[in-house]
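*Asks:* File name target.cif; file contents mmCIF, C-alpha atoms; full text below.
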```cif
data_query
#
loop_
_atom_site.label_atom_id
_atom_site.label_comp_id
_atom_site.auth_asym_id
_atom_site.auth_seq_id
_atom_site.Cartn_x
_atom_site.Cartn_y
_atom_site.Cartn_z
CA MET P 1 -12.58 1.13 7.42
CA GLY P 2 -14.24 4.38 6.41
CA GLY P 3 -11.46 6.86 7.15
CA ILE P 4 -12.62 9.86 9.16
CA ARG P 5 -16.26 8.78 8.69
CA ALA P 6 -15.41 6.18 11.35
CA GLY P 7 -11.99 5.29 12.81
CA GLY P 8 -10.10 4.11 9.74
CA ASP P 9 -7.61 6.96 9.77
CA LEU P 10 -6.73 6.23 13.40
CA VAL P 11 -6.02 2.54 12.75
CA ALA P 12 -4.17 3.40 9.54
CA ARG P 13 -1.97 5.84 11.47
CA MET P 14 -0.87 3.11 13.89
CA GLN P 15 -0.15 0.74 11.01
CA MET P 16 1.66 3.31 8.93
CA THR P 17 3.85 4.95 11.54
CA ARG P 18 4.15 2.21 14.16
CA GLY P 19 4.11 -0.90 11.98
CA MET P 20 1.27 -2.41 13.99
CA ARG P 21 -0.61 -5.31 12.45
CA LEU P 22 -4.37 -4.90 12.07
CA LYS P 23 -5.51 -6.67 15.22
CA GLN P 24 -2.92 -4.91 17.35
CA ALA P 25 -3.70 -1.51 15.82
CA LYS P 26 -7.46 -1.92 16.29
CA GLU P 27 -7.00 -3.01 19.90
CA TYR P 28 -4.60 -0.14 20.62
CA VAL P 29 -6.91 2.53 19.22
CA ALA P 30 -10.02 0.99 20.77
CA GLY P 31 -8.29 0.84 24.15
CA LYS P 32 -7.32 4.51 24.02
CA LEU P 33 -10.87 5.50 23.06
CA GLY P 34 -12.77 3.19 25.39
CA VAL P 35 -14.62 1.47 22.57
CA THR P 36 -14.47 -2.01 21.04
CA PRO P 37 -12.49 -2.86 17.88
CA PHE P 38 -15.85 -3.54 16.22
CA ASP P 39 -16.92 0.06 16.88
CA LEU P 40 -13.98 1.49 14.94
CA SER P 41 -15.64 0.72 11.59
CA ASP P 42 -19.09 1.87 12.71
CA VAL P 43 -19.82 5.37 11.48
CA ALA P 44 -22.71 5.78 13.92
CA ALA P 45 -20.60 4.93 16.96
CA MET P 46 -17.49 6.77 15.83
CA THR P 47 -19.17 10.06 14.98
CA ASP P 48 -19.92 10.56 18.67
CA VAL P 49 -16.43 9.42 19.65
CA ARG P 50 -14.81 11.81 17.17
CA ASP P 51 -16.95 14.66 18.44
CA GLU P 52 -16.07 13.89 22.04
CA HIS P 53 -12.31 13.87 21.42
CA GLY P 54 -12.16 16.55 18.74
CA PHE P 55 -10.82 14.23 16.05
CA GLY P 56 -12.46 16.01 13.11
CA ARG P 57 -15.20 14.56 10.94
CA ILE P 58 -16.95 14.87 7.63
CA HIS P 59 -18.02 18.44 7.03
CA SER P 60 -20.19 19.85 4.32
CA TYR P 61 -22.32 22.90 3.80
CA ALA P 62 -25.27 21.14 5.42
CA ILE P 63 -23.43 19.68 8.41
CA SER P 64 -21.03 22.32 9.64
CA HIS P 65 -19.48 22.30 13.11
CA PRO P 66 -17.22 25.35 13.25
CA TRP P 67 -16.91 25.08 17.02
CA GLN P 68 -15.26 21.64 16.79
CA ALA P 69 -11.59 20.86 16.18
CA ASN P 70 -10.79 20.07 12.57
CA LEU P 71 -7.80 19.51 10.26
CA ILE P 72 -4.47 20.27 12.00
CA GLU P 73 -6.37 21.00 15.24
CA ALA P 74 -7.81 17.50 15.11
CA LYS P 75 -4.35 16.00 14.68
CA PHE P 76 -3.21 17.67 17.90
CA ASN P 77 -6.03 15.84 19.67
CA ILE P 78 -5.32 12.54 17.89
CA ALA P 79 -1.66 12.71 18.92
CA ARG P 80 -2.61 13.40 22.54
CA VAL P 81 -5.37 10.83 22.93
CA LEU P 82 -3.63 8.04 21.03
CA ASP P 83 -0.33 8.92 22.72
CA VAL P 84 1.55 8.84 19.44
CA PRO P 85 3.66 11.67 18.04
CA VAL P 86 2.34 13.09 14.78
CA ASN P 87 5.17 14.53 12.73
CA CYS P 88 3.36 17.58 11.34
CA VAL P 89 1.97 18.40 14.78
CA GLU P 90 5.47 18.37 16.26
CA LYS P 91 6.67 20.59 13.41
CA PHE P 92 3.71 22.92 13.98
CA LYS P 93 4.68 23.28 17.63
CA GLU P 94 8.32 24.01 16.72
CA ARG P 95 7.42 26.59 14.11
CA THR P 96 4.85 28.44 16.21
CA GLY P 97 6.86 28.61 19.40
CA LEU P 98 4.65 26.15 21.25
CA LEU P 99 7.64 24.04 22.25
CA MET F 1 -27.40 -29.09 -16.47
CA GLU F 2 -25.43 -26.59 -14.38
CA THR F 3 -26.29 -22.91 -14.47
CA ALA F 4 -23.70 -20.62 -16.03
CA ILE F 5 -22.75 -17.80 -13.65
CA PRO F 6 -21.53 -14.44 -14.96
CA THR F 7 -17.94 -13.85 -13.86
CA ARG F 8 -14.87 -12.07 -15.23
CA MET F 9 -11.70 -12.84 -17.07
CA GLY F 10 -8.40 -11.17 -16.16
CA ASP F 11 -8.90 -8.63 -18.95
CA GLY F 12 -12.22 -7.57 -17.44
CA SER F 13 -14.50 -9.17 -20.00
CA ILE F 14 -17.55 -11.11 -18.85
CA ALA F 15 -17.33 -14.90 -18.97
CA ARG F 16 -20.14 -17.31 -18.10
CA MET F 17 -18.88 -20.32 -16.18
CA THR F 18 -20.53 -23.10 -14.24
CA ARG F 19 -19.67 -23.81 -10.61
CA SER F 20 -17.73 -26.86 -11.77
CA GLU F 21 -15.73 -24.78 -14.22
CA LEU F 22 -14.95 -22.21 -11.53
CA ARG F 23 -13.87 -25.01 -9.19
CA ALA F 24 -11.53 -26.38 -11.85
CA ASP F 25 -10.03 -22.94 -12.39
CA ILE F 26 -9.43 -22.50 -8.65
CA GLU F 27 -7.77 -25.90 -8.43
CA ASP F 28 -5.54 -25.05 -11.40
CA GLY F 29 -4.68 -21.59 -10.06
CA VAL F 30 -3.55 -23.07 -6.77
CA ALA F 31 -1.59 -25.77 -8.57
CA GLN F 32 0.21 -23.15 -10.66
CA ALA F 33 1.26 -21.27 -7.51
CA VAL F 34 2.47 -24.47 -5.86
CA ARG F 35 4.51 -25.39 -8.93
CA ARG F 36 6.02 -21.94 -9.56
CA ALA F 37 6.50 -20.47 -6.08
CA LYS F 38 6.98 -23.74 -4.17
CA VAL F 39 4.25 -22.86 -1.68
CA GLU F 40 1.74 -25.04 0.13
CA PRO F 41 -1.67 -25.37 -1.56
CA LEU F 42 -4.71 -23.65 -0.07
CA GLY F 43 -6.73 -25.88 2.21
CA ALA F 44 -9.91 -27.58 1.01
CA ASP F 45 -12.07 -25.28 3.14
CA GLU F 46 -10.27 -22.23 1.76
CA ARG F 47 -10.76 -23.37 -1.82
CA GLU F 48 -14.44 -24.03 -1.14
CA HIS F 49 -14.92 -20.58 0.38
CA LEU F 50 -13.17 -19.01 -2.60
CA LEU F 51 -15.53 -20.92 -4.88
CA ASP F 52 -18.54 -19.61 -2.96
CA ILE F 53 -17.27 -16.04 -3.39
CA TYR F 54 -16.75 -16.35 -7.15
CA ALA F 55 -19.88 -18.45 -7.76
CA SER F 56 -22.07 -15.85 -6.11
CA PRO F 57 -24.40 -14.12 -8.56
CA ALA F 58 -24.46 -11.00 -6.36
CA ARG F 59 -23.49 -7.68 -7.88
CA PHE F 60 -21.53 -6.85 -4.76
CA VAL F 61 -20.05 -8.93 -1.95
CA GLY F 62 -18.35 -7.77 1.22
CA VAL F 63 -16.60 -8.85 4.38
CA ASP F 64 -18.48 -9.51 7.59
CA LEU F 65 -19.22 -6.56 9.87
CA GLY F 66 -16.22 -6.12 12.16
CA ASP F 67 -13.80 -7.63 9.63
CA GLU F 68 -13.14 -4.33 7.88
CA ILE F 69 -9.50 -3.62 7.09
CA VAL F 70 -7.44 -0.54 6.34
CA LEU F 71 -7.38 0.54 2.71
CA SER F 72 -4.11 2.09 1.64
CA CYS F 73 -3.77 3.75 -1.71
CA ASP F 74 -1.46 5.54 -4.05
CA GLY F 75 -2.09 8.65 -6.06
CA THR F 76 -4.90 10.30 -4.13
CA GLY F 77 -3.32 13.71 -4.54
CA MET F 78 -2.36 14.02 -8.18
CA LYS F 79 -4.65 16.65 -9.70
CA THR F 80 -7.40 14.26 -10.73
CA HIS F 81 -10.18 16.82 -10.68
CA ALA F 82 -8.98 19.90 -8.80
CA THR F 83 -5.77 21.03 -7.13
CA ARG F 84 -3.71 18.29 -5.55
CA THR F 85 -4.59 19.49 -2.05
CA GLN F 86 -8.28 19.58 -2.94
CA ASP F 87 -8.00 16.06 -4.34
CA LEU F 88 -6.60 14.90 -1.00
CA GLN F 89 -9.44 16.62 0.83
CA SER F 90 -11.95 14.97 -1.49
CA TYR F 91 -10.53 11.52 -0.82
CA GLU F 92 -10.69 12.20 2.90
CA GLN F 93 -14.08 13.91 3.08
CA TRP F 94 -16.05 12.28 0.26
CA MET F 95 -14.53 8.84 -0.09
CA GLY F 96 -13.58 8.15 3.51
CA ALA F 97 -10.00 7.22 2.65
CA ASP F 98 -8.11 5.67 5.56
CA LEU F 99 -4.85 7.29 4.45
CA LEU F 100 -3.77 9.80 1.85
CA GLU F 101 -0.90 10.00 -0.58
CA LEU F 102 0.61 13.00 -2.28
CA CYS F 103 2.65 12.05 -5.31
CA PRO F 104 4.12 13.55 -8.47
CA GLY F 105 2.29 12.84 -11.71
CA ASP F 106 5.27 11.01 -13.22
CA TYR F 107 5.67 9.10 -9.95
CA SER F 108 9.37 8.38 -10.54
CA LEU F 109 12.02 8.96 -7.87
CA LYS F 110 14.53 10.52 -10.23
CA VAL F 111 12.02 13.01 -11.57
CA ILE F 112 11.48 14.72 -8.23
CA ARG F 113 15.16 15.62 -7.76
CA THR F 114 14.67 19.06 -9.23
CA ILE F 115 11.17 19.71 -7.89
CA LEU F 116 11.67 18.43 -4.37
CA PRO F 117 11.18 21.83 -2.63
CA TYR F 118 7.91 22.38 -4.47
CA GLU F 119 6.69 18.91 -3.64
CA ALA F 120 7.60 19.36 0.02
CA GLN F 121 5.81 22.71 0.16
CA ARG F 122 2.66 21.11 -1.24
CA LEU F 123 2.89 18.31 1.33
CA HIS F 124 3.47 20.78 4.16
CA ASP F 125 0.42 22.84 3.21
CA ALA F 126 -1.79 19.80 2.59
CA LEU F 127 -0.94 18.43 6.04
CA LEU F 128 -2.36 21.57 7.62
CA CYS F 129 -5.78 21.03 6.12
CA THR F 130 -6.30 17.26 6.35
CA ILE F 131 -6.69 14.74 9.19
CA ALA F 132 -5.90 11.28 7.82
CA PRO F 133 -2.25 10.17 7.83
CA MET F 134 -0.43 11.26 4.71
CA GLN F 135 2.46 9.66 2.87
CA TYR F 136 4.55 10.89 -0.03
CA GLY F 137 4.69 8.29 -2.76
CA ILE F 138 7.03 7.52 -5.62
CA MET F 139 8.17 4.48 -7.58
CA PRO F 140 11.93 3.86 -7.54
CA ASN F 141 11.87 3.22 -11.33
CA LEU F 142 15.59 2.53 -11.59
CA GLY F 143 15.38 2.41 -15.38
CA LEU F 144 15.33 6.20 -15.51
CA TYR F 145 18.90 6.25 -14.19
CA ALA F 146 20.12 4.45 -17.34
CA LYS F 147 20.92 5.98 -20.72
CA ASP F 148 19.17 7.53 -22.62
CA ASP F 149 17.09 8.77 -19.70
CA GLY F 150 19.89 8.93 -17.14
CA PRO F 151 23.66 9.02 -16.60
CA CYS F 152 24.41 5.28 -16.20
CA GLU F 153 25.16 2.82 -18.96
CA ASN F 154 22.03 0.88 -19.89
CA TRP F 155 22.22 -2.62 -18.43
CA SER F 156 19.31 -3.74 -20.54
CA ALA F 157 21.31 -2.86 -23.66
CA LEU F 158 24.54 -4.37 -22.32
CA LEU F 159 23.08 -7.73 -21.32
CA PRO F 160 22.07 -8.83 -24.86
CA GLN F 161 25.64 -8.03 -25.94
CA GLY F 162 26.97 -10.47 -23.37
CA LYS F 163 28.59 -7.66 -21.36
CA ILE F 164 27.49 -9.10 -18.03
CA ALA F 165 30.11 -7.45 -15.82
CA GLU F 166 29.54 -4.05 -17.42
CA ALA F 167 25.77 -4.41 -17.02
CA ARG F 168 26.16 -5.30 -13.34
CA THR F 169 28.47 -2.33 -12.73
CA ALA F 170 26.00 0.01 -14.43
CA ALA F 171 23.06 -1.28 -12.39
CA GLU F 172 25.02 -1.01 -9.16
CA GLY F 173 25.89 2.61 -9.96
CA ALA F 174 22.28 3.43 -10.68
CA ALA F 175 21.17 1.76 -7.47
CA GLU F 176 23.59 3.86 -5.40
CA MET F 177 22.24 7.02 -7.04
CA ALA F 178 18.67 5.97 -6.30
CA VAL F 179 19.54 5.35 -2.65
CA ALA F 180 20.99 8.85 -2.34
CA ASP F 181 17.94 10.39 -4.01
CA ALA F 182 15.52 8.43 -1.81
CA VAL F 183 17.25 9.44 1.42
CA ARG F 184 17.36 13.09 0.31
CA MET F 185 13.65 12.90 -0.49
CA ALA F 186 12.94 11.46 2.96
CA ASP F 187 15.03 14.22 4.59
CA VAL F 188 12.94 16.89 2.95
CA MET F 189 9.56 15.20 3.41
CA TRP F 190 10.25 14.54 7.09
CA GLU F 191 10.97 18.23 7.59
CA ALA F 192 7.73 19.05 5.76
CA GLY F 193 5.83 16.85 8.23
CA ALA F 194 5.17 13.63 6.30
CA ASP F 195 3.76 10.65 8.16
CA ALA F 196 5.33 8.13 5.79
CA ILE F 197 7.12 7.45 2.52
CA ASP F 198 5.63 5.02 0.00
CA PHE F 199 7.94 3.12 -2.34
CA ASP F 200 5.52 1.73 -4.90
CA THR F 201 6.13 -0.84 -7.69
CA THR F 202 9.47 -1.72 -6.14
CA GLY F 203 11.55 -4.13 -8.18
CA ALA F 204 10.10 -3.20 -11.56
CA SER F 205 13.71 -2.99 -12.78
CA GLY F 206 14.63 -6.20 -11.00
CA ASP F 207 16.98 -6.97 -8.14
CA PRO F 208 19.07 -3.74 -8.39
CA GLU F 209 15.94 -1.70 -7.81
CA PHE F 210 14.81 -3.92 -4.94
CA TRP F 211 18.28 -3.65 -3.36
CA ALA F 212 18.26 0.15 -3.72
CA THR F 213 14.86 0.40 -2.04
CA LEU F 214 15.82 -1.89 0.81
CA ARG F 215 19.05 0.03 1.41
CA ALA F 216 17.19 3.36 1.28
CA THR F 217 14.58 2.01 3.68
CA GLU F 218 17.30 0.95 6.10
CA LEU F 219 19.00 4.35 6.03
CA ILE F 220 15.74 6.31 6.30
CA HIS F 221 14.52 4.17 9.20
CA GLU F 222 17.80 4.75 11.03
CA LYS F 223 17.51 8.53 10.59
CA TYR F 224 13.76 8.84 11.23
CA PRO F 225 12.42 5.91 13.27
CA ASP F 226 8.99 7.60 13.56
CA LEU F 227 8.61 7.97 9.79
CA GLY F 228 6.52 5.19 8.27
CA ILE F 229 7.83 3.42 5.19
CA GLN F 230 5.48 1.47 2.95
CA LEU F 231 7.25 -0.82 0.51
CA GLY F 232 5.04 -2.23 -2.24
CA MET F 233 6.25 -4.54 -4.96
CA ALA F 234 5.93 -4.57 -8.75
CA GLY F 235 5.45 -8.29 -9.21
CA GLU F 236 5.35 -11.63 -7.43
CA PHE F 237 8.88 -12.56 -8.46
CA VAL F 238 12.05 -10.43 -8.26
CA LEU F 239 13.70 -10.43 -11.67
CA GLY F 240 17.44 -11.12 -11.71
CA MET F 241 18.61 -8.24 -13.86
CA HIS F 242 21.89 -8.35 -11.88
CA GLY F 243 21.63 -11.77 -10.35
CA GLU F 244 24.16 -11.54 -7.54
CA LEU F 245 22.84 -8.76 -5.33
CA GLU F 246 22.13 -9.72 -1.74
CA TYR F 247 20.49 -8.10 1.27
CA ASP F 248 21.04 -9.46 4.75
CA GLY F 249 22.99 -12.29 3.16
CA LYS F 250 20.08 -13.35 0.97
CA ARG F 251 20.10 -13.28 -2.82
CA LEU F 252 17.34 -10.98 -4.03
CA ALA F 253 16.87 -12.37 -7.52
CA GLY F 254 14.14 -14.98 -7.57
CA MET F 255 12.50 -13.99 -4.30
CA TRP F 256 8.79 -14.73 -3.89
CA PRO F 257 6.49 -12.80 -1.49
CA LYS F 258 7.48 -14.56 1.73
CA GLN F 259 11.20 -14.07 1.08
CA GLN F 260 10.53 -10.47 0.04
CA LEU F 261 8.72 -9.79 3.30
CA GLU F 262 11.64 -11.17 5.32
CA VAL F 263 14.09 -8.64 3.89
CA VAL F 264 11.53 -5.81 3.88
CA GLN F 265 10.98 -6.32 7.61
CA LYS F 266 14.71 -6.51 8.21
CA ALA F 267 15.23 -3.19 6.41
CA GLY F 268 12.81 -1.41 8.73
CA ALA F 269 9.70 -0.85 6.63
CA THR F 270 6.42 -0.41 8.50
CA MET F 271 4.12 -1.79 5.77
CA TYR F 272 4.62 -4.33 2.97
CA GLY F 273 2.61 -4.67 -0.21
CA PRO F 274 2.93 -8.00 -2.00
CA VAL F 275 1.93 -8.13 -5.64
CA VAL F 276 0.73 -11.00 -7.80
CA ASN F 277 0.22 -9.97 -11.40
CA VAL F 278 -2.92 -10.86 -13.34
CA ASN F 279 -2.99 -13.34 -16.22
CA THR F 280 -5.51 -11.68 -18.56
CA GLY F 281 -6.30 -14.93 -20.34
CA LYS F 282 -7.48 -16.66 -17.18
CA SER F 283 -10.57 -16.08 -15.04
CA CYS F 284 -10.51 -13.87 -11.96
CA ALA F 285 -11.17 -16.99 -9.86
CA TRP F 286 -8.03 -18.62 -11.29
CA ASN F 287 -6.01 -15.48 -10.67
CA MET F 288 -7.28 -15.11 -7.10
CA ALA F 289 -6.53 -18.74 -6.25
CA ARG F 290 -2.99 -18.35 -7.54
CA ALA F 291 -2.48 -15.03 -5.73
CA LEU F 292 -3.81 -16.27 -2.39
CA ALA F 293 -1.57 -19.34 -2.43
CA MET F 294 1.50 -17.22 -3.21
CA VAL F 295 0.84 -14.61 -0.51
CA LYS F 296 -0.45 -16.90 2.24
CA PRO F 297 3.04 -17.82 3.52
CA CYS F 298 3.63 -14.13 4.29
CA MET F 299 0.85 -14.08 6.84
CA GLN F 300 2.59 -16.70 8.98
CA ILE F 301 5.77 -14.63 9.44
CA ALA F 302 4.49 -11.05 9.18
CA GLU F 303 5.62 -8.71 11.94
CA ILE F 304 4.41 -5.61 10.07
CA PRO F 305 1.08 -4.95 8.31
CA VAL F 306 0.68 -6.71 4.98
CA HIS F 307 -1.33 -4.66 2.47
CA MET F 308 -1.65 -6.83 -0.60
CA ASN F 309 -1.86 -4.83 -3.81
CA VAL F 310 -5.36 -5.35 -5.18
CA GLY F 311 -5.95 -3.00 -8.07
CA MET F 312 -5.88 -2.81 -11.83
CA GLY F 313 -3.84 -5.74 -13.10
CA VAL F 314 -2.77 -7.10 -9.72
CA GLY F 315 -4.40 -9.25 -7.03
CA ALA F 316 -7.05 -10.71 -9.35
CA VAL F 317 -8.51 -7.32 -10.24
CA PRO F 318 -8.82 -7.21 -14.04
CA MET F 319 -6.20 -5.49 -16.18
CA PHE F 320 -8.71 -2.95 -17.37
CA VAL F 321 -8.56 0.81 -17.02
CA HIS F 322 -11.84 0.91 -15.08
CA PRO F 323 -11.74 -2.22 -12.91
CA PRO F 324 -15.24 -3.72 -12.61
CA GLY F 325 -16.57 -3.33 -9.08
CA ASP F 326 -17.94 -6.86 -8.94
CA ALA F 327 -14.46 -8.24 -9.56
CA ALA F 328 -12.74 -5.83 -7.18
CA CYS F 329 -15.07 -6.58 -4.26
CA ARG F 330 -14.68 -10.33 -4.76
CA ALA F 331 -10.91 -9.98 -4.70
CA ALA F 332 -11.06 -7.87 -1.54
CA LYS F 333 -13.38 -10.29 0.25
CA ALA F 334 -11.30 -13.30 -0.71
CA CYS F 335 -8.11 -11.65 0.59
CA VAL F 336 -9.69 -10.67 3.91
CA ASP F 337 -11.60 -13.90 4.53
CA ILE F 338 -8.84 -16.31 3.55
CA LEU F 339 -5.57 -14.47 4.20
CA ARG F 340 -6.71 -12.25 7.11
CA LEU F 341 -4.70 -9.43 5.59
CA ASP F 342 -3.95 -6.24 7.51
CA GLY F 343 -5.00 -4.06 4.61
CA LEU F 344 -5.30 -3.73 0.88
#
```
The structure given in the file should be rewritten as structure tokens.

*Replies:*
Amino acid sequence: MGGIRAGGDLVARMQMTRGMRLKQAKEYVAGKLGVTPFDLSDVAAMTDVRDEHGFGRIHSYAISHPWQANLIEAKFNIARVLDVPVNCVEKFKERTGLL
Amino acid sequence: METAIPTRMGDGSIARMTRSELRADIEDGVAQAVRRAKVEPLGADEREHLLDIYASPARFVGVDLGDEIVLSCDGTGMKTHATRTQDLQSYEQWMGADLLELCPGDYSLKVIRTILPYEAQRLHDALLCTIAPMQYGIMPNLGLYAKDDGPCENWSALLPQGKIAEARTAAEGAAEMAVADAVRMADVMWEAGADAIDFDTTGASGDPEFWATLRATELIHEKYPDLGIQLGMAGEFVLGMHGELEYDGKRLAGMWPKQQLEVVQKAGATMYGPVVNVNTGKSCAWNMARALAMVKPCMQIAEIPVHMNVGMGVGAVPMFVHPPGDAACRAAKACVDILRLDGL
């Protein structure tokens, strides 16, 4: 589905950690983001969505966005918007006194 | 006279076959699955669509827009071209991987016993600098628990001597050790922040290995219900190296994909990867027809995502070290269009 180029990582996360089948996972993620399941594989549509929610995106020397959330920061936002606990985010909170 | 279309054999070599020859191969592949696995044949429309996919002269074929599925993988973080963390970042940033997997180079469960803290540290650090969900992957590889590689008597050596009871006792002992190692691994990886555990090539050592993985899955799921568990198989048929092992009251030896999925779901896995091995002497069309017919019954009972293994030597992708892209994309399209899989 294109991973973080589009919304593949988000759907994969619901499959992997919640055991959701594809249709259910796509509908869940699309519902949380206010897009259609079709949009989740569309890099053009999802780049804007990822920017809006701070989900992280492809970065390179030529397309840098240091003001946007990325990496572990992005996973905080993914956990919040998708309403699904992300294990390493929970551990991060524990180990930095955020909980 | 019919035009010969370039296609592939299961060993990756080019074969030129007519549409009629491809159709005959598809019919035979389905018939082989029906005979061996006692499954229903593919429908006429499904066989015709499969024929269209394999009779296409296109270099590359793909699914319809909107029909994209999740691509799971093993071995994305194993020091292919840089550090393991950098490999994971490359898969995420350059290849658009839907999920990532850190794994040891040997990939065997027993091997990580003594390096578990180092592996967990690598996973912990990699999770801080990636976005896609990340699993830690191993293969149970129960054979390493048997002499000369491990502490247990070697059931493969005992069986030819007619020492059936001794072989069964040895395999059971090895399976218990593997369960303990798998749960300990999950304990450590959960604390490191893992999103999931991937048990790959499960059942390579037959029913004792499948039992060990199911039991480990059950225990890990009980301890960490939010930890994903992907359970992928080694072959389409569970070998009866023990013969009497059961899970949930069902004998494991001789299970085909649908029966495998039933016990995998019962154990608490979140993803299941059926495998159908490639016959290198047959065409990819033959192999795909056989694979689809064997896996199709899974899709009717699946409560968790089914990610069919479609890679070198399995799922009609040639048994060749660099799988040809034309064969791989045909296999992927066939699986999505006909099985409506959740992933590959």

*Asks:* List the neighbours of P:Lys26 out to 8 Å using only C-alpha atoms; skip same-chain residues closer than 6 positions along the sequence, and give me the result as a PDB file with C-alpha atoms, in the coordinates of the input.

*Replies:*
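Final output, around-v8.pdb:
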```
ATOM      1  CA  VAL P  11      -6.020   2.540  12.750  1.00  0.00           C
ATOM      2  CA  PRO P  37     -12.490  -2.860  17.880  1.00  0.00           C
ATOM      3  CA  LEU P  40     -13.980   1.490  14.940  1.00  0.00           C
TER       4      LEU P  40
END
```

*Asks:* Selected by the PyMOL selection byres ((chain P) within 10 of (chain F)) in the shown coordinates: which residues, as a ChimeraX atom specification?

*Replies:* /P:1-26,36-42,55-60,70-76,78,84-92

*Asks:* Name the closest residue to P:Gly54 among the candidates P:Leu98, P:Ala79, P:Ala30, P:Val35; distances are taken between atoms, counting all atoms listed in the file.

*Replies:*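 Ranked by minimum distance to P:Gly54, first place goes to P:Ala79.
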
*Asks:* Considering all atoms listed in the file, can you say which of F:Lys282, F:Arg16, F:Lys223, F:Lys258 comes closest to F:Met319?

*Replies:* F:Lys282

*Asks:* Select all residues near (5.3, 1.4, -2.5) (cut-off 10 Å, inclusive, file coordinates), counting only C-alpha atoms, and output them as a list in words.

*Replies:*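 Output of the proximity query reads Cys73, Asp74, Tyr136, Gly137, Ile138, Met139, Pro140, Ile197, Asp198, Phe199, Asp200, Thr201, Thr202, Thr213, Ile229, Gln230, Leu231, Gly232, Met233, Ala234, Met271, Tyr272, Gly273, Pro274 and Asn309 of chain F.
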
*Asks:* Calculate how many Å separate atom CA of F:Thr280 from atom CA of F:Val63, rounding to one decimal.

*Replies:*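 If I compute the distance from atom CA of F:Thr280 to atom CA of F:Val63, I get 25.6 Å.
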
*Asks:* Reconstruct N, CA and C atoms of stretch 65-79 of chain F; output as a PDB file, in the coordinates of the input.

*Replies:*
```pdb
ATOM      1  N   LEU F  65     -19.341  -7.726   8.995  1.00  0.00           N
ATOM      2  CA  LEU F  65     -19.220  -6.560   9.870  1.00  0.00           C
ATOM      3  C   LEU F  65     -18.169  -6.864  10.950  1.00  0.00           C
ATOM      4  N   GLY F  66     -17.291  -5.930  11.173  1.00  0.00           N
ATOM      5  CA  GLY F  66     -16.220  -6.120  12.160  1.00  0.00           C
ATOM      6  C   GLY F  66     -14.930  -6.618  11.542  1.00  0.00           C
ATOM      7  N   ASP F  67     -15.003  -7.130  10.312  1.00  0.00           N
ATOM      8  CA  ASP F  67     -13.800  -7.630   9.630  1.00  0.00           C
ATOM      9  C   ASP F  67     -13.197  -6.599   8.688  1.00  0.00           C
ATOM     10  N   GLU F  68     -13.653  -5.357   8.782  1.00  0.00           N
ATOM     11  CA  GLU F  68     -13.140  -4.330   7.880  1.00  0.00           C
ATOM     12  C   GLU F  68     -11.626  -4.142   8.084  1.00  0.00           C
ATOM     13  N   ILE F  69     -10.941  -3.818   7.006  1.00  0.00           N
ATOM     14  CA  ILE F  69      -9.500  -3.620   7.090  1.00  0.00           C
ATOM     15  C   ILE F  69      -9.148  -2.230   6.558  1.00  0.00           C
ATOM     16  N   VAL F  70      -7.912  -1.851   6.785  1.00  0.00           N
ATOM     17  CA  VAL F  70      -7.440  -0.540   6.340  1.00  0.00           C
ATOM     18  C   VAL F  70      -7.180  -0.590   4.835  1.00  0.00           C
ATOM     19  N   LEU F  71      -7.619   0.444   4.152  1.00  0.00           N
ATOM     20  CA  LEU F  71      -7.380   0.540   2.710  1.00  0.00           C
ATOM     21  C   LEU F  71      -6.308   1.589   2.463  1.00  0.00           C
ATOM     22  N   SER F  72      -5.144   1.133   2.024  1.00  0.00           N
ATOM     23  CA  SER F  72      -4.110   2.090   1.640  1.00  0.00           C
ATOM     24  C   SER F  72      -4.237   2.344   0.143  1.00  0.00           C
ATOM     25  N   CYS F  73      -3.560   3.353  -0.310  1.00  0.00           N
ATOM     26  CA  CYS F  73      -3.770   3.750  -1.710  1.00  0.00           C
ATOM     27  C   CYS F  73      -2.557   4.531  -2.195  1.00  0.00           C
ATOM     28  N   ASP F  74      -2.438   4.631  -3.480  1.00  0.00           N
ATOM     29  CA  ASP F  74      -1.460   5.540  -4.050  1.00  0.00           C
ATOM     30  C   ASP F  74      -2.219   6.568  -4.894  1.00  0.00           C
ATOM     31  N   GLY F  75      -1.571   7.687  -5.106  1.00  0.00           N
ATOM     32  CA  GLY F  75      -2.090   8.650  -6.060  1.00  0.00           C
ATOM     33  C   GLY F  75      -3.391   9.331  -5.721  1.00  0.00           C
ATOM     34  N   THR F  76      -3.667   9.593  -4.426  1.00  0.00           N
ATOM     35  CA  THR F  76      -4.900  10.300  -4.130  1.00  0.00           C
ATOM     36  C   THR F  76      -4.759  11.796  -4.326  1.00  0.00           C
ATOM     37  N   GLY F  77      -3.530  12.277  -4.351  1.00  0.00           N
ATOM     38  CA  GLY F  77      -3.320  13.710  -4.540  1.00  0.00           C
ATOM     39  C   GLY F  77      -2.503  13.963  -5.789  1.00  0.00           C
ATOM     40  N   MET F  78      -3.120  13.838  -6.940  1.00  0.00           N
ATOM     41  CA  MET F  78      -2.360  14.020  -8.180  1.00  0.00           C
ATOM     42  C   MET F  78      -3.182  14.756  -9.240  1.00  0.00           C
ATOM     43  N   LYS F  79      -3.935  15.762  -8.781  1.00  0.00           N
ATOM     44  CA  LYS F  79      -4.650  16.650  -9.700  1.00  0.00           C
ATOM     45  C   LYS F  79      -5.605  15.874 -10.604  1.00  0.00           C
TER      46      LYS F  79
END
```
